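A.B. asks: To be precise about what I am sending: the file is called model.pdb and holds PDB, C-alpha atoms.
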ATOM      1  CA  MET A   1     130.981  68.774  90.689
ATOM      2  CA  GLY A   2     129.966  70.620  93.861
ATOM      3  CA  THR A   3     130.443  74.222  94.784
ATOM      4  CA  ALA A   4     133.451  73.423  96.980
ATOM      5  CA  GLY A   5     132.906  76.262  99.337
ATOM      6  CA  THR A   6     130.256  78.590  97.990
ATOM      7  CA  SER A   7     130.780  81.970  99.623
ATOM      8  CA  THR A   8     128.194  83.591 101.846
ATOM      9  CA  ASP A   9     128.288  86.683  99.623
ATOM     10  CA  GLU A  10     127.559  84.575  96.542
ATOM     11  CA  VAL A  11     124.508  83.008  98.173
ATOM     12  CA  ALA A  12     123.305  86.326  99.586
ATOM     13  CA  GLY A  13     123.681  87.840  96.112
ATOM     14  CA  GLU A  14     120.800  85.699  94.896
ATOM     15  CA  ARG A  15     118.328  87.618  97.053
ATOM     16  CA  ARG A  16     117.331  90.141  94.415
ATOM     17  CA  GLN A  17     116.518  87.446  91.882
ATOM     18  CA  LEU A  18     114.524  85.498  94.481
ATOM     19  CA  ILE A  19     112.526  88.564  95.531
ATOM     20  CA  ASN A  20     111.676  89.238  91.894
ATOM     21  CA  VAL A  21     110.506  85.668  91.363
ATOM     22  CA  ALA A  22     108.473  85.608  94.578
ATOM     23  CA  TYR A  23     106.735  88.949  93.985
ATOM     24  CA  ARG A  24     105.599  87.916  90.521
ATOM     25  CA  LEU A  25     104.268  84.691  91.974
ATOM     26  CA  LEU A  26     102.581  86.202  95.028
ATOM     27  CA  GLY A  27     101.873  89.883  94.280
ATOM     28  CA  SER A  28     102.736  90.747  97.885
ATOM     29  CA  LEU A  29     106.025  92.258  99.044
ATOM     30  CA  ALA A  30     105.622  90.977 102.604
ATOM     31  CA  GLU A  31     104.782  87.441 101.494
ATOM     32  CA  SER A  32     107.647  87.541  98.988
ATOM     33  CA  GLU A  33     110.118  88.532 101.684
ATOM     34  CA  ASP A  34     108.835  85.742 103.937
ATOM     35  CA  ALA A  35     109.150  83.179 101.125
ATOM     36  CA  VAL A  36     112.732  84.207 100.371
ATOM     37  CA  GLN A  37     113.653  84.181 104.055
ATOM     38  CA  GLU A  38     112.247  80.658 104.320
ATOM     39  CA  ALA A  39     114.324  79.554 101.319
ATOM     40  CA  TYR A  40     117.475  80.949 102.928
ATOM     41  CA  ALA A  41     116.591  79.328 106.261
ATOM     42  CA  ARG A  42     116.371  75.947 104.505
ATOM     43  CA  TRP A  43     119.688  76.570 102.766
ATOM     44  CA  TYR A  44     121.547  77.327 105.980
ATOM     45  CA  ALA A  45     119.851  74.384 107.714
ATOM     46  CA  LEU A  46     121.630  72.034 105.284
ATOM     47  CA  PRO A  47     124.823  70.373 106.539
ATOM     48  CA  PRO A  48     127.899  72.090 105.029
ATOM     49  CA  SER A  49     128.753  68.906 103.155
ATOM     50  CA  ARG A  50     125.318  68.920 101.489
ATOM     51  CA  ARG A  51     125.664  72.594 100.522
ATOM     52  CA  ASP A  52     129.030  71.850  98.928
ATOM     53  CA  GLU A  53     127.390  69.202  96.746
ATOM     54  CA  ILE A  54     124.951  71.707  95.212
ATOM     55  CA  VAL A  55     126.316  72.867  91.869
ATOM     56  CA  SER A  56     124.132  75.982  91.601
ATOM     57  CA  PRO A  57     122.979  77.530  94.891
ATOM     58  CA  GLY A  58     120.937  80.074  92.911
ATOM     59  CA  ALA A  59     118.974  77.362  91.136
ATOM     60  CA  TRP A  60     118.485  75.502  94.415
ATOM     61  CA  LEU A  61     117.239  78.623  96.175
ATOM     62  CA  THR A  62     114.906  79.455  93.274
ATOM     63  CA  THR A  63     113.464  75.946  93.348
ATOM     64  CA  VAL A  64     112.834  76.150  97.087
ATOM     65  CA  THR A  65     111.382  79.675  96.781
ATOM     66  CA  GLY A  66     109.078  78.405  94.039
ATOM     67  CA  ARG A  67     107.873  75.555  96.252
ATOM     68  CA  VAL A  68     107.282  77.893  99.183
ATOM     69  CA  CYS A  69     105.345  80.296  96.938
ATOM     70  CA  LEU A  70     103.300  77.399  95.579
ATOM     71  CA  ASP A  71     102.265  76.532  99.132
ATOM     72  CA  VAL A  72     101.410  80.168  99.836
ATOM     73  CA  LEU A  73      99.341  80.415  96.644
ATOM     74  CA  GLY A  74      97.468  77.290  97.660
ATOM     75  CA  SER A  75      96.329  78.906 100.902
ATOM     76  CA  ALA A  76      95.984  82.446  99.540
ATOM     77  CA  ARG A  77      92.598  81.832  97.930
ATOM     78  CA  ALA A  78      91.032  80.950 101.285
ATOM     79  CA  ARG A  79      92.698  83.900 103.027
ATOM     80  CA  ARG A  80      91.608  86.328 100.327
ATOM     81  CA  GLU A  81      88.036  85.118 100.605
ATOM     82  CA  ARG A  82      88.157  86.499 104.161
ATOM     83  CA  TYR A  83      89.766  89.738 102.998
ATOM     84  CA  VAL A  84      87.552  92.800 103.418
ATOM     85  CA  GLY A  85      86.719  94.032  99.930
ATOM     86  CA  VAL A  86      88.789  93.257  96.849
ATOM     87  CA  TRP A  87      92.416  92.137  97.198
ATOM     88  CA  LEU A  88      94.897  93.820  94.830
ATOM     89  CA  PRO A  89      98.647  93.237  94.436
ATOM     90  CA  ASP A  90     101.031  95.589  96.216
ATOM     91  CA  PRO A  91     101.868  98.667  94.102
ATOM     92  CA  LEU A  92     105.558  99.289  93.451
ATOM     93  CA  PRO A  93     107.260 102.712  93.334
ATOM     94  CA  ASP A  94     109.960 103.570  90.827
ATOM     95  CA  HIS A  95     113.481 103.457  92.256
ATOM     96  CA  ALA A  96     114.396 106.781  90.661
ATOM     97  CA  GLU A  97     111.537 108.484  92.492
ATOM     98  CA  ARG A  98     112.460 107.042  95.885
ATOM     99  CA  ASP A  99     114.555 109.569  97.759
ATOM    100  CA  HIS A 100     115.045 107.346 100.769
ATOM    101  CA  GLY A 101     115.281 103.786  99.440
ATOM    102  CA  HIS A 102     117.255 101.600 101.812
ATOM    103  CA  GLY A 103     118.423  98.922  99.382
ATOM    104  CA  THR A 104     117.354  96.027 101.628
ATOM    105  CA  ASP A 105     113.660  96.831 101.271
ATOM    106  CA  PRO A 106     112.001  94.292  98.934
ATOM    107  CA  ALA A 107     110.638  97.176  96.847
ATOM    108  CA  ASP A 108     114.215  98.330  96.195
ATOM    109  CA  GLN A 109     115.085  94.913  94.779
ATOM    110  CA  MET A 110     112.380  94.879  92.133
ATOM    111  CA  ILE A 111     113.064  94.927  88.418
ATOM    112  CA  LEU A 112     110.195  96.898  86.894
ATOM    113  CA  ASP A 113     109.044  95.525  83.548
ATOM    114  CA  GLU A 114     105.810  94.447  81.865
ATOM    115  CA  SER A 115     105.612  91.371  84.109
ATOM    116  CA  VAL A 116     104.882  93.538  87.164
ATOM    117  CA  THR A 117     102.296  95.956  85.777
ATOM    118  CA  MET A 118      99.078  95.927  87.762
ATOM    119  CA  ALA A 119      97.129  94.755  84.707
ATOM    120  CA  PHE A 120      99.516  91.812  84.298
ATOM    121  CA  LEU A 121      99.451  90.881  87.995
ATOM    122  CA  VAL A 122      95.653  90.975  88.092
ATOM    123  CA  VAL A 123      95.574  88.482  85.202
ATOM    124  CA  LEU A 124      98.013  86.279  87.114
ATOM    125  CA  GLU A 125      95.557  86.240  90.016
ATOM    126  CA  SER A 126      93.022  84.487  87.766
ATOM    127  CA  MET A 127      95.382  81.551  87.180
ATOM    128  CA  THR A 128      95.711  78.373  89.187
ATOM    129  CA  PRO A 129      98.839  78.258  91.396
ATOM    130  CA  ALA A 130     100.427  75.675  89.092
ATOM    131  CA  GLU A 131      99.719  77.763  85.979
ATOM    132  CA  ARG A 132     101.189  80.823  87.604
ATOM    133  CA  VAL A 133     104.382  79.082  88.687
ATOM    134  CA  ALA A 134     104.906  77.388  85.310
ATOM    135  CA  PHE A 135     104.252  80.585  83.373
ATOM    136  CA  ILE A 136     106.328  82.955  85.505
ATOM    137  CA  LEU A 137     109.330  80.673  85.826
ATOM    138  CA  HIS A 138     109.373  79.701  82.154
ATOM    139  CA  ASP A 139     108.119  82.748  80.238
ATOM    140  CA  VAL A 140     109.510  85.470  82.493
ATOM    141  CA  PHE A 141     112.639  83.892  84.021
ATOM    142  CA  ARG A 142     113.390  81.327  81.277
ATOM    143  CA  TYR A 143     113.628  78.315  83.556
ATOM    144  CA  PRO A 144     113.437  75.007  81.662
ATOM    145  CA  PHE A 145     110.338  72.882  82.136
ATOM    146  CA  ALA A 146     112.500  70.055  83.489
ATOM    147  CA  GLU A 147     113.364  72.223  86.517
ATOM    148  CA  ILE A 148     109.820  73.556  86.882
ATOM    149  CA  ALA A 149     108.595  69.953  86.931
ATOM    150  CA  GLY A 150     110.607  69.407  90.106
ATOM    151  CA  ILE A 151     108.824  72.313  91.786
ATOM    152  CA  LEU A 152     105.318  71.372  90.707
ATOM    153  CA  GLY A 153     105.725  67.627  91.025
ATOM    154  CA  ARG A 154     104.530  67.116  87.456
ATOM    155  CA  THR A 155     106.065  66.019  84.174
ATOM    156  CA  PRO A 156     107.815  68.589  81.963
ATOM    157  CA  ALA A 157     105.104  68.033  79.356
ATOM    158  CA  ALA A 158     102.381  68.828  81.890
ATOM    159  CA  CYS A 159     104.250  71.985  82.958
ATOM    160  CA  LYS A 160     104.489  73.044  79.317
ATOM    161  CA  GLN A 161     100.712  72.693  79.000
ATOM    162  CA  LEU A 162     100.187  74.741  82.165
ATOM    163  CA  ALA A 163     102.360  77.553  80.814
ATOM    164  CA  ALA A 164     100.532  77.477  77.482
ATOM    165  CA  SER A 165      97.169  77.764  79.253
ATOM    166  CA  ALA A 166      98.439  80.711  81.291
ATOM    167  CA  ARG A 167      99.872  82.313  78.163
ATOM    168  CA  ARG A 168      96.462  82.263  76.489
ATOM    169  CA  ARG A 169      94.944  84.113  79.435
ATOM    170  CA  VAL A 170      97.633  86.780  79.261
ATOM    171  CA  ARG A 171      97.289  87.137  75.498
ATOM    172  CA  VAL A 172      93.542  87.713  75.731
ATOM    173  CA  ALA A 173      93.914  90.261  78.537
ATOM    174  CA  ARG A 174      96.783  92.286  77.104
ATOM    175  CA  SER A 175      96.043  95.644  75.497
ATOM    176  CA  PRO A 176      99.406  97.244  74.583
ATOM    177  CA  VAL A 177      99.707 101.025  74.862
ATOM    178  CA  THR A 178     102.762 103.222  74.550
ATOM    179  CA  ALA A 179     104.212 104.809  77.675
ATOM    180  CA  ALA A 180     103.542 108.234  76.147
ATOM    181  CA  GLY A 181      99.920 107.337  75.462
ATOM    182  CA  GLN A 182      99.485 106.046  79.011
ATOM    183  CA  ALA A 183     101.126 109.156  80.478
ATOM    184  CA  ASP A 184      98.900 111.480  78.440
ATOM    185  CA  ALA A 185      95.734 109.694  79.517
ATOM    186  CA  VAL A 186      96.780 109.678  83.187
ATOM    187  CA  ARG A 187      97.709 113.370  83.035
ATOM    188  CA  HIS A 188      94.313 114.271  81.604
ATOM    189  CA  VAL A 189      92.569 112.240  84.310
ATOM    190  CA  LYS A 190      94.617 114.059  86.953
ATOM    191  CA  GLU A 191      93.675 117.468  85.550
ATOM    192  CA  ALA A 192      89.977 116.629  85.309
ATOM    193  CA  TRP A 193      89.995 115.106  88.781
ATOM    194  CA  GLU A 194      91.686 118.160  90.291
ATOM    195  CA  THR A 195      89.106 120.501  88.736
ATOM    196  CA  LYS A 196      86.251 118.107  89.627
ATOM    197  CA  ASP A 197      85.161 118.154  85.999
ATOM    198  CA  ILE A 198      82.744 115.220  85.725
ATOM    199  CA  ALA A 199      82.105 115.766  82.025
ATOM    200  CA  ALA A 200      85.819 115.689  81.228
ATOM    201  CA  LEU A 201      86.294 112.547  83.311
ATOM    202  CA  VAL A 202      83.416 110.825  81.525
ATOM    203  CA  ASP A 203      85.064 111.642  78.189
ATOM    204  CA  LEU A 204      88.360 110.163  79.394
ATOM    205  CA  LEU A 205      86.797 106.971  80.745
ATOM    206  CA  ASP A 206      85.547 104.129  78.621
ATOM    207  CA  PRO A 207      81.756 103.729  79.060
ATOM    208  CA  ALA A 208      82.405 100.189  80.325
ATOM    209  CA  ALA A 209      85.338 101.156  82.558
ATOM    210  CA  VAL A 210      85.761  99.437  85.919
ATOM    211  CA  MET A 211      87.352 100.887  89.060
ATOM    212  CA  THR A 212      88.533  98.498  91.774
ATOM    213  CA  ALA A 213      89.732  99.674  95.174
ATOM    214  CA  ASP A 214      91.620  97.827  97.921
ATOM    215  CA  GLY A 215      91.305  99.184 101.445
ATOM    216  CA  GLY A 216      91.679  95.888 103.269
ATOM    217  CA  GLY A 217      89.045  96.968 105.772
ATOM    218  CA  LEU A 218      91.544  99.419 107.267
ATOM    219  CA  VAL A 219      90.320 102.542 105.452
ATOM    220  CA  GLY A 220      87.053 103.521 103.840
ATOM    221  CA  THR A 221      86.646 102.620 100.180
ATOM    222  CA  ALA A 222      84.247 100.966  97.767
ATOM    223  CA  LEU A 223      84.031  97.293  98.704
ATOM    224  CA  ARG A 224      82.916  96.247  95.226
ATOM    225  CA  PRO A 225      84.141  97.322  91.798
ATOM    226  CA  ILE A 226      82.455 100.427  90.402
ATOM    227  CA  GLU A 227      81.309  99.858  86.819
ATOM    228  CA  GLY A 228      80.663 102.447  84.139
ATOM    229  CA  GLY A 229      82.551 105.597  83.218
ATOM    230  CA  ALA A 230      79.819 107.950  84.463
ATOM    231  CA  ARG A 231      79.566 106.266  87.869
ATOM    232  CA  ILE A 232      83.352 106.239  88.265
ATOM    233  CA  ALA A 233      83.575 109.948  87.400
ATOM    234  CA  GLN A 234      80.936 110.809  89.987
ATOM    235  CA  TYR A 235      82.704 108.675  92.590
ATOM    236  CA  MET A 236      86.074 110.337  91.914
ATOM    237  CA  VAL A 237      84.611 113.808  92.280
ATOM    238  CA  ALA A 238      82.834 112.777  95.486
ATOM    239  CA  ILE A 239      86.180 111.618  96.884
ATOM    240  CA  ALA A 240      87.759 114.971  96.009
ATOM    241  CA  ASP A 241      84.895 116.808  97.724
ATOM    242  CA  LYS A 242      85.446 114.817 100.928
ATOM    243  CA  ALA A 243      89.221 115.274 100.967
ATOM    244  CA  PRO A 244      90.125 118.974 101.032
ATOM    245  CA  GLY A 245      93.770 119.555 100.246
ATOM    246  CA  LEU A 246      94.087 116.291  98.333
ATOM    247  CA  GLU A 247      97.206 116.432  96.151
ATOM    248  CA  LEU A 248      97.574 114.316  93.020
ATOM    249  CA  LEU A 249     101.045 113.409  91.771
ATOM    250  CA  GLU A 250     102.029 111.719  88.530
ATOM    251  CA  ARG A 251     104.214 108.787  89.505
ATOM    252  CA  SER A 252     105.410 105.538  88.018
ATOM    253  CA  VAL A 253     103.387 102.668  89.492
ATOM    254  CA  ASN A 254     104.721  99.175  88.774
ATOM    255  CA  GLY A 255     106.750 100.626  85.945
ATOM    256  CA  VAL A 256     103.991 102.526  84.126
ATOM    257  CA  PRO A 257     102.459 106.015  84.573
ATOM    258  CA  GLY A 258      99.991 106.238  87.448
ATOM    259  CA  LEU A 259      98.788 108.599  90.144
ATOM    260  CA  VAL A 260      99.547 109.010  93.839
ATOM    261  CA  ALA A 261      97.065 110.864  96.054
ATOM    262  CA  ARG A 262      98.324 112.351  99.272
ATOM    263  CA  GLN A 263      96.977 114.628 101.946
ATOM    264  CA  ALA A 264      99.097 116.584 104.408
ATOM    265  CA  GLY A 265     102.155 114.712 103.124
ATOM    266  CA  ALA A 266     100.699 111.242 103.715
ATOM    267  CA  VAL A 267     100.154 108.906 100.771
ATOM    268  CA  LEU A 268      96.528 107.748 100.848
ATOM    269  CA  THR A 269      96.068 106.077  97.471
ATOM    270  CA  VAL A 270      98.195 104.683  94.668
ATOM    271  CA  ALA A 271      96.266 104.290  91.410
ATOM    272  CA  SER A 272      97.157 102.207  88.358
ATOM    273  CA  PHE A 273      95.447 102.522  84.986
ATOM    274  CA  GLU A 274      94.766 100.474  81.907
ATOM    275  CA  VAL A 275      94.375 102.554  78.760
ATOM    276  CA  VAL A 276      92.923 101.288  75.475
ATOM    277  CA  ASP A 277      92.556 103.508  72.403
ATOM    278  CA  GLY A 278      93.210 106.614  74.480
ATOM    279  CA  ARG A 279      90.521 105.944  77.080
ATOM    280  CA  VAL A 280      90.857 104.505  80.579
ATOM    281  CA  THR A 281      89.280 101.060  80.821
ATOM    282  CA  ARG A 282      90.466  99.989  84.270
ATOM    283  CA  ILE A 283      91.527 101.775  87.449
ATOM    284  CA  TRP A 284      93.082  99.898  90.361
ATOM    285  CA  ALA A 285      93.265 102.030  93.499
ATOM    286  CA  VAL A 286      95.252 100.628  96.422
ATOM    287  CA  ARG A 287      94.387 102.320  99.726
ATOM    288  CA  ASN A 288      95.342  99.640 102.233
ATOM    289  CA  PRO A 289      98.021 101.444 104.301
ATOM    290  CA  GLU A 290      99.906  98.190 104.855
ATOM    291  CA  LYS A 291     100.476  98.001 101.098
ATOM    292  CA  LEU A 292     101.573 101.638 100.860
ATOM    293  CA  ARG A 293     104.584 101.416 103.194
ATOM    294  CA  PRO A 294     107.132 101.610 100.337
ATOM    295  CA  TRP A 295     105.480 104.890  99.339
ATOM    296  CA  GLY A 296     106.018 106.606 102.685
ATOM    297  CA  TRP A 297     108.976 108.504 101.212
ATOM    298  CA  ASP A 298     106.574 110.435  99.001
ATOM    299  CA  GLY A 299     105.730 112.658 101.928
TER     300      GLY A 299
END
What would you get if you wrote out this structure as structure tokens?

C.D. replies:
Amino acid sequence: MGTAGTSTDEVAGERRQLINVAYRLLGSLAESEDAVQEAYARWYALPPSRRDEIVSPGAWLTTVTGRVCLDVLGSARARRERYVGVWLPDPLPDHAERDHGHGTDPADQMILDESVTMAFLVVLESMTPAERVAFILHDVFRYPFAEIAGILGRTPAACKQLAASARRRVRVARSPVTAAGQADAVRHVKEAWETKDIAALVDLLDPAAVMTADGGGLVGTALRPIEGGARIAQYMVAIADKAPGLELLERSVNGVPGLVARQAGAVLTVASFEVVDGRVTRIWAVRNPEKLRPWGWDG
């Protein structure tokens, strides 16, 4: 049975779900918006009679969005090889902390859960495009492998194997920590950073900690990951010395406690943290201004 006149509002109402799928697949708000727009363009390009035959417009749009994202992921590796420095996923602000969210902004559509933490998204970047699609659609959005097979052009059994492979990567990388434990660690880092206390920072950082920054070649930042707690502490203090008036704010970043650095009201950096056994093991600092547009309200 077809939809027999699916309403425009009903189809438009799928946008939030599609944005959430696309962001988890691509890690980029701009690319996610483009993918969803392309899916809608293909929907409205269908003859009305064909649209009426589609039982579930939401499932159809998700399938098309998945295929578009798969194409984008296939070309992303080459584009990111040309990227200046390290590429990191776009950081997401918390809706409750956005005073001027406009509702139609992709960032306003995001559901913040463990599948969008920076640590999780970075692991997703290590997967093949097919693994990522199979894992996200099945494990996060509960799509059956029979439908995922249609997106990937593989058998359901092959898609199940792809998801299992991706799941193993996630399991190895995960290091659960309570929100309170994360918040405490981030708060202590903020206090030590503000007072430029290298010794305190070293104590808070794991000796094998790694800090990765993304400036996209548009702002100055370390082009390669900085390894070692002592080196990271020295680097953080050097940054503070070069940025008089730098203000650090505790903010939710991709659903977990993080830090926002701003100067004269402008957001310069959004930092995410991974905490294990009370010490910071990873810092991801996004400085590319194109990725900080959703944070402009923080001024």

A.B. asks: Kindly resolve the PyMOL selection byres ((chain A and resi 68-73) around 9) on the present coordinates and return the residues as a PyMOL selection string.

C.D. replies: chain A and resi 22+25-26+31-32+35-36+38-39+63-67+74-77+128-130+132-133+151-152

A.B. asks: Check what the PyMOL selection byres ((chain A and resi 293) around 12) selects in the file above and give those residues as an NGL selection string.

C.D. replies: :A and (29-30 or 90-93 or 101 or 105-107 or 266-270 or 286-292 or 294-299)

A.B. asks: To one decimal place, how far is CA of Gly215 (chain A) from CA of Val86 (chain A) in Å?

C.D. replies: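 Spanning CA of Gly215 (chain A) to CA of Val86 (chain A) is a straight-line distance of 7.9 Å.
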
A.B. asks: The PyMOL selection byres ((chain A and resi 177-190) around 8) on the file shown: which residues, as a count of residues only?

C.D. replies: 22

A.B. asks: Quick one: distance from CA of Thr281 (chain A) to CA of Val210 (chain A) in Å, one decimal?

C.D. replies: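 Going from CA of Thr281 (chain A) over to CA of Val210 (chain A) covers 6.4 Å.
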
A.B. asks: Report as a PyMOL selection string all protein, DNA and RNA residues lying within 8 Å of Val21 (chain A), evaluated on only C-alpha atoms, omitting residues in the same chain fewer than 6 positions from it.

C.D. replies: chain A and resi 62+66+136-137+141

A.B. asks: By how many Å are CA of Leu205 (chain A) and CA of Val170 (chain A) apart?

C.D. replies: 23.0 Å

A.B. asks: Got a sec to check which residues sit within 12 Å of (80.7, 115.8, 82.3), counting only C-alpha atoms, and write them as a VMD selection string?

C.D. replies: chain A and resid 192 to 193 195 to 205 229 to 234 237

A.B. asks: Could you give me, as a list in words, the residues within 8 Å of Val123 (chain A), counting only C-alpha atoms and dropping anything in the same chain fewer than 4 positions from it?

C.D. replies: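 Listing them by chain and then by number gives Ala119, Met127, Arg169, Val170 and Ala173 of chain A.
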
A.B. asks: Deliver the residues from the most recent selection as a file, using C-alpha atoms, as a tab-separated table (two decimals), in the frame of the given file.

C.D. replies:
chain	number	residue	atom	x	y	z
A	119	ALA	CA	97.13	94.76	84.71
A	127	MET	CA	95.38	81.55	87.18
A	169	ARG	CA	94.94	84.11	79.44
A	170	VAL	CA	97.63	86.78	79.26
A	173	ALA	CA	93.91	90.26	78.54

A.B. asks: Tell me which protein, DNA and RNA residues are within 10 Å of Arg167 (chain A), counting all atoms listed in the file, leaving out same-chain ones fewer than 3 positions away, and put them as a list in words.

C.D. replies: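 Close residues of Arg167 (chain A): Leu124, Glu131, Arg132, Phe135, Ile136, Asp139, Gln161, Leu162, Ala163, Ala164, Val170, Arg171, Val172 and Ala173 of chain A.
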
A.B. asks: Using only C-alpha atoms, which residue out of A:Ala285, A:Ala222, A:Ala240, A:Ala41 lies closest to Val253 (chain A)?

C.D. replies: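 Of A:Ala285, A:Ala222, A:Ala240, A:Ala41, the one nearest Val253 (chain A) is A:Ala285, counting only C-alpha atoms.
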
A.B. asks: Nearest to Asp9 (chain A): which of A:Ala157, A:Trp87, A:Gly58, A:Tyr23 is it, counting all atoms listed in the file?

C.D. replies: A:Gly58
